[in-house]
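Trainee: Structure provided below as structure tokens; questions to follow.
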Amino acid sequence: MAHLLGGENLTVSYATRTVLDGVTLGLEEGDRIGMVGRNGDGKSTLMRLLAMRSTPDSGRVTKRSEVNIGYLDQSDVLDGDLTVGAAIVGDQADYEWARNPQIREVMGGLVSDVDWHANVHALSGGQKRRVALAKLLIEDHDVIMLDEPTNHLDVEGVAWLSRHLKTRWRANQGAFLVVTHDRWFLDEVCNKTWEIHDGIMDPFEGGYAAYVLARAERDRSASVMEGKRQQLVKKELAWLRRGAPARTAKPKFRIEAANALIADVPEPRDSMALSKMATARLGKDVLDLEHVSLDFLGGEPGQKLFDNITLRLAPGERLGLVGVNGAGKTTLLKLLNGEIQPTSGKVKRGKTVVTAVLTQEVKELDDVKDLRVIEVIEREKRSFNVGGKEFSAGQLVEQLGFTNEKQWTPVKDLSGGERRRLQLLRLLVGEPNVLMLDEPTNDLDTDTLAAVEDVLDGWPGTLVVVSHDRYLLERVTDHQMALLGDGKIRALPRGVDQYLELREGAVAGSTITGGGNPVIGASGSSAPATAGPAGPSEAQKRDARKAKNRIDRQLGKLTQQEDKIHAQMVKSTADNDFDAMADLNKKLKTLAEEREALELEWLDALEVLGE
């Protein structure tokens with residue numbers, strides 16, 4: 001493979017801290033490289049050097065003369081006075097760029113919902129990010145460097161970007177370098193991983209799963225003195241090895257020692273123990289939405305964000321929520337938390353429920369900005385119980401990555417990722433029994449995410465997570481549901497893959513018009529919309545109506561059975577009858593599977609009825 005560019009003895013220092021210390025590396029044709037490491041360890045610095053956007057204190061970067069580099073910075077670099085169209089394609093007429101299938105694909109994947117004629121300065125931060133990414137991807141580059149490209153992309157957008165990068169070049173052509181905390185994305189698109197730490201770079205073959213396996217093997221062989229960090233790696237490794245085979249298909253190194261390393265590692269979560277503790281803390285009732293409808297806030301009367309939805313959260317349930325932008329994921333959390341009231345329907349809240357919400361903002365820390373990290377936590381309590389283990393305030397803070405030195409840092413001096421960690425810690429020490437997390441991965445590096453997941457593994461309460469990070473959703477939640485923008489909430493028995501299939505089907509059956517963009521069909525070609533097939537017959541509607549009524553009755557009976565089992569579980573918990581708890585939990589899972597099948601059948605009937 002031909003050499004494209006490289007760095008030799010790169011050194012960068014800030015004040016008394018050396019970020020990169022004599023790093024030497026190179027990119028070859030066919031390289032698909034992901035960079036990982038803690039926040040502040042120099043990932044973005046190294047990328048800027050290789051993109052020739054900055055110069056090292058010593059060392060040099062070289063490239064072949066004809067190599068063209070495309071670079072996406074984390075900062076906003078677009079001209080705010082340009083329209084979206086001008087920012088992406090310049091002064092090209094629509095018919096000029098629309099003839100290029102690659103440009104049409106990028107437009108449909110990233111900016112189909114952005115107003116083509118709006119000024120860039122009027123866009124949201126996420127829209128600006130997607131416009132900048134679209135501008136880069138329609139250009140012809142030999143090497144692409146992307147710094148946090150998945151920020152502001154939903155699950156669907158991340159899946160699209162992964163497909164684009166995998167098919168952009170032939171296997172032995174082009175190269176890209178990406179910095180992201182999205183571990184699913186790293187595993188999906190990368191064939192190499194660079195870990196930046198302590199001023200050096202360690203290379204690994206394969207994507208994120210391969211990197212975790214290799215790092216565990218490296219730590220075992222070298223007997224490194226990082227006990228706590230190694231335990232987190234082992235735990236995540238155990239989950240990866242028990243997951244989908246695709247996650248472990250890429251490693252090219254020997255993994256027998258790594259398998260031996262995790263032979264005695266238990267499942268990440270003891271679901272039975274957590275369910276028992278959660279039932280004891282919460283009782284039978286947690287949070288229920290019953291036939292809830294909600295009008296669009298600030299919209300026309302009758303415009304519904306939610307239309308007659310029902311959602312019941314059980315003790316110890318771990319639910320992941322995905323959905324299109326604007327479908328109401330954050331609003332759903334506000335409904336569950338009692339911050340807003342539905343237009344119709346009921347929100348039932350258990351008597352013992354104590355909720356806590358991790359919002360997308362970090363303004364909740366403004367009132368303690370002058371305190372030090374350890375003081376914020378000790379102000380709540382000095383000792384805490386997490387997963388049956390006692391932790392001092394210092395131990396709990398250290399578990400989420402605050403070293404002894406960092407514990408005495410004023411809150412106002414923390415980085416974005418550190419503030420996010422402290423925000424989550426502050427919620428946990430309040431000992432809620434229902435925890436709701438809205439995009440918790442923002443500003444967190446992969447090591448910190450693993451630490452957060454470890455804390456959540458032992459947390460015995462009901463958990464609701466809204467995130468575009470599918471790795472996190474699959475890792476910390478037991479099942480997922482989707483908001484598809486039609487006012488309904490739908491179960492996803494097959495997880496995020498099923499959601500992407502549903503979205504692809506919805507897009508394939510419609511025309512993307514993109515808020516005033518030139519009309520682009522789902523295939524990417526410019527085409528007018530065409531009429532769809534005729535609707536269902538009256539006979540089909542009658543059958544669907546009968547099916548709906550039958551399913552309503554069956555769901556009612558299931559609810560009664562579930563209520564009865566919950567009552568028995570509370571009694572078994574009080575009697576310390578764990579065998580009975582195990583049997584009841586199995587029955588509850590069987591009923592949940594029946595409910596899932598019935599709800600899918602019910603949704604099919606509604607689709608026929610047009611409701």
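Starting from 1 in every chain, residues are counted up; chains themselves are A, B, ... following the order of the structure tokens, and ligands are numbered from 1 as listed.
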What are the DSSP helix (DSSP H, G or I) residues of segment 371-424 of chain A, as a list in words?
Mentor: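 For segment 371-424 of chain A, the helix (DSSP H, G or I) set is Val373, Ile374, Glu375, Val376, Ile377, Glu378, Ala393, Gly394, Gln395, Leu396, Val397, Glu398, Gln399, Lys406, Gln407, Trp408, Val411, Lys412, Asp413, Gly416, Gly417, Glu418, Arg419, Arg420, Arg421, Leu422, Gln423 and Leu424 of chain A.
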Trainee: Skipping near chain neighbours, those fewer than 4 positions away, what residues fall within 10 Å of segment 35-45 of chain A using only C-alpha atoms, listed as an MDAnalysis selection string?
Mentor: chainID A and resid 12 18:20 49:51 53:56 73:74 146:148 177:181 183 186 190 192:203 207:208 211 401 415:418 443:448
Trainee: For segment 123-136 of chain A, list every protein, DNA or RNA residue within 7 Å, evaluated using only C-alpha atoms, and leave out those in the same chain fewer than 6 positions away; present the list as a list in words.
Mentor: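 These residues fall inside the cut-off: Gly70, Leu72, Leu78, Ile88, Val106, Met107, Leu110, Val111 and His152 of chain A.
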Trainee: So how far away is atom CA of Asn191 of chain A from atom CA of Arg170 of chain A, in Å?
Mentor: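 For atom CA of Arg170 of chain A relative to atom CA of Asn191 of chain A, the distance reads 13.8 Å.
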Trainee: I want to know what sits within 12 Å of Thr167 of chain A, based on only C-alpha atoms, with residues of the same chain fewer than 5 positions away left out; could you give that as an MDAnalysis selection string?
Mentor: chainID A and resid 30 32 102 105 160:162 172:175 189
Trainee: Looking at only C-alpha atoms, which of A:Glu439, A:Glu390, A:Glu339, A:Asp413 is the one that sits closest to Leu321 of chain A?
Mentor: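 Closest to Leu321 of chain A, using only C-alpha atoms: A:Glu439.
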Trainee: At a cut-off of 8 Å, using only C-alpha atoms, what residues contact Gly345 of chain A? Leave out same-chain residues fewer than 4 positions from it and give the result as a list in words.
Mentor: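 The contact residues come out as Leu289, Glu290, His291, Val292, Ser293 and Asn308 of chain A.
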Trainee: DSSP on the backbone, then: every residue of segment 324-570 of chain A marked strand (DSSP E or B), written as a PyMOL selection string.
Mentor: chain A and resi 344-349+355-358+372+383-386+389-392+410+434-438+462-466+479-483+489-492+512+520
Trainee: In Å, how far is it from atom CA of Asp295 of chain A to atom CA of Gly556 of chain A?
Mentor: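 Value for the atom CA of Asp295 of chain A-atom CA of Gly556 of chain A distance: 26.6 Å.
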Trainee: Using only C-alpha atoms, pick whichever of A:Asp366, A:Asp187, A:Glu398, A:Glu380 has the shortest atom-to-atom distance to Glu431 of chain A.
Mentor: A:Glu380
Trainee: Please provide the set of residues having any atom within 10 Å of Ile103 of chain A, restricted to only C-alpha atoms, with same-chain residues fewer than 6 positions apart removed, written as an MDAnalysis selection string.
Mentor: chainID A and resid 88:89 97 109 134:135 137:139 524
Trainee: Mind writing the picked residues with N, CA, C and O atoms as a compact mmCIF listing (two decimals), in the first residue's frame?
Mentor:
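Below you can see again.txt, which holds the result:
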# COMPACT_ATOMS: atom_id res chain seq x y z
N ILE A 88 -22.62 24.75 0.69
CA ILE A 88 -22.29 23.38 0.33
C ILE A 88 -21.75 23.27 -1.10
O ILE A 88 -20.69 22.70 -1.34
N VAL A 89 -22.49 23.81 -2.07
CA VAL A 89 -22.13 23.60 -3.48
C VAL A 89 -21.61 24.87 -4.16
O VAL A 89 -21.38 24.88 -5.37
N TRP A 97 -25.06 20.16 -9.82
CA TRP A 97 -24.67 19.23 -8.78
C TRP A 97 -25.58 18.02 -8.71
O TRP A 97 -25.15 16.92 -8.30
N GLY A 109 -28.50 12.17 2.76
CA GLY A 109 -28.13 11.58 4.04
C GLY A 109 -27.94 12.57 5.16
O GLY A 109 -28.14 12.23 6.33
N ALA A 134 -21.44 17.85 5.14
CA ALA A 134 -21.88 17.65 3.76
C ALA A 134 -20.92 18.34 2.78
O ALA A 134 -20.55 17.77 1.75
N LYS A 135 -20.52 19.56 3.10
CA LYS A 135 -19.59 20.31 2.24
C LYS A 135 -18.29 19.53 2.05
O LYS A 135 -17.74 19.45 0.94
N LEU A 137 -17.81 16.19 2.43
CA LEU A 137 -17.96 14.88 1.81
C LEU A 137 -18.27 14.93 0.32
O LEU A 137 -18.05 13.95 -0.39
N ILE A 138 -18.81 16.06 -0.17
CA ILE A 138 -19.06 16.13 -1.62
C ILE A 138 -17.79 16.45 -2.39
O ILE A 138 -17.76 16.34 -3.61
N GLU A 139 -16.73 16.82 -1.68
CA GLU A 139 -15.46 17.15 -2.32
C GLU A 139 -14.62 15.89 -2.52
O GLU A 139 -14.83 14.87 -1.85
N GLY A 524 -32.01 9.11 -4.44
CA GLY A 524 -31.03 10.16 -4.66
C GLY A 524 -31.24 10.90 -5.96
O GLY A 524 -30.64 11.92 -6.21
Trainee: Do you know which residues are at most 7 Å from Asp469 of chain A counting only C-alpha atoms, after dropping those on the same chain fewer than 4 positions away, and could you put them as a ChimeraX atom specification?
Mentor: /A:155,182,473
Trainee: To one decimal place, how far is atom CA of Lys346 of chain A from atom CA of Asp478 of chain A in Å?
Mentor: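 Calculated distance between atom CA of Lys346 of chain A and atom CA of Asp478 of chain A is 25.7 Å.
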Trainee: For a quick check of understanding, using only C-alpha atoms, which of A:Gln423, A:Ser467, A:Gln560, A:Thr24 has the smallest distance to Val368 of chain A?
Mentor: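 The shortest atom-to-atom distance to Val368 of chain A comes from A:Gln423.
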Trainee: Could you tell me which of A:Ala210, A:Val61, A:Met47, A:Leu472 comes closest to Asp454 of chain A if we count only C-alpha atoms?
Mentor: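 The answer is A:Leu472, which sits nearest to Asp454 of chain A.
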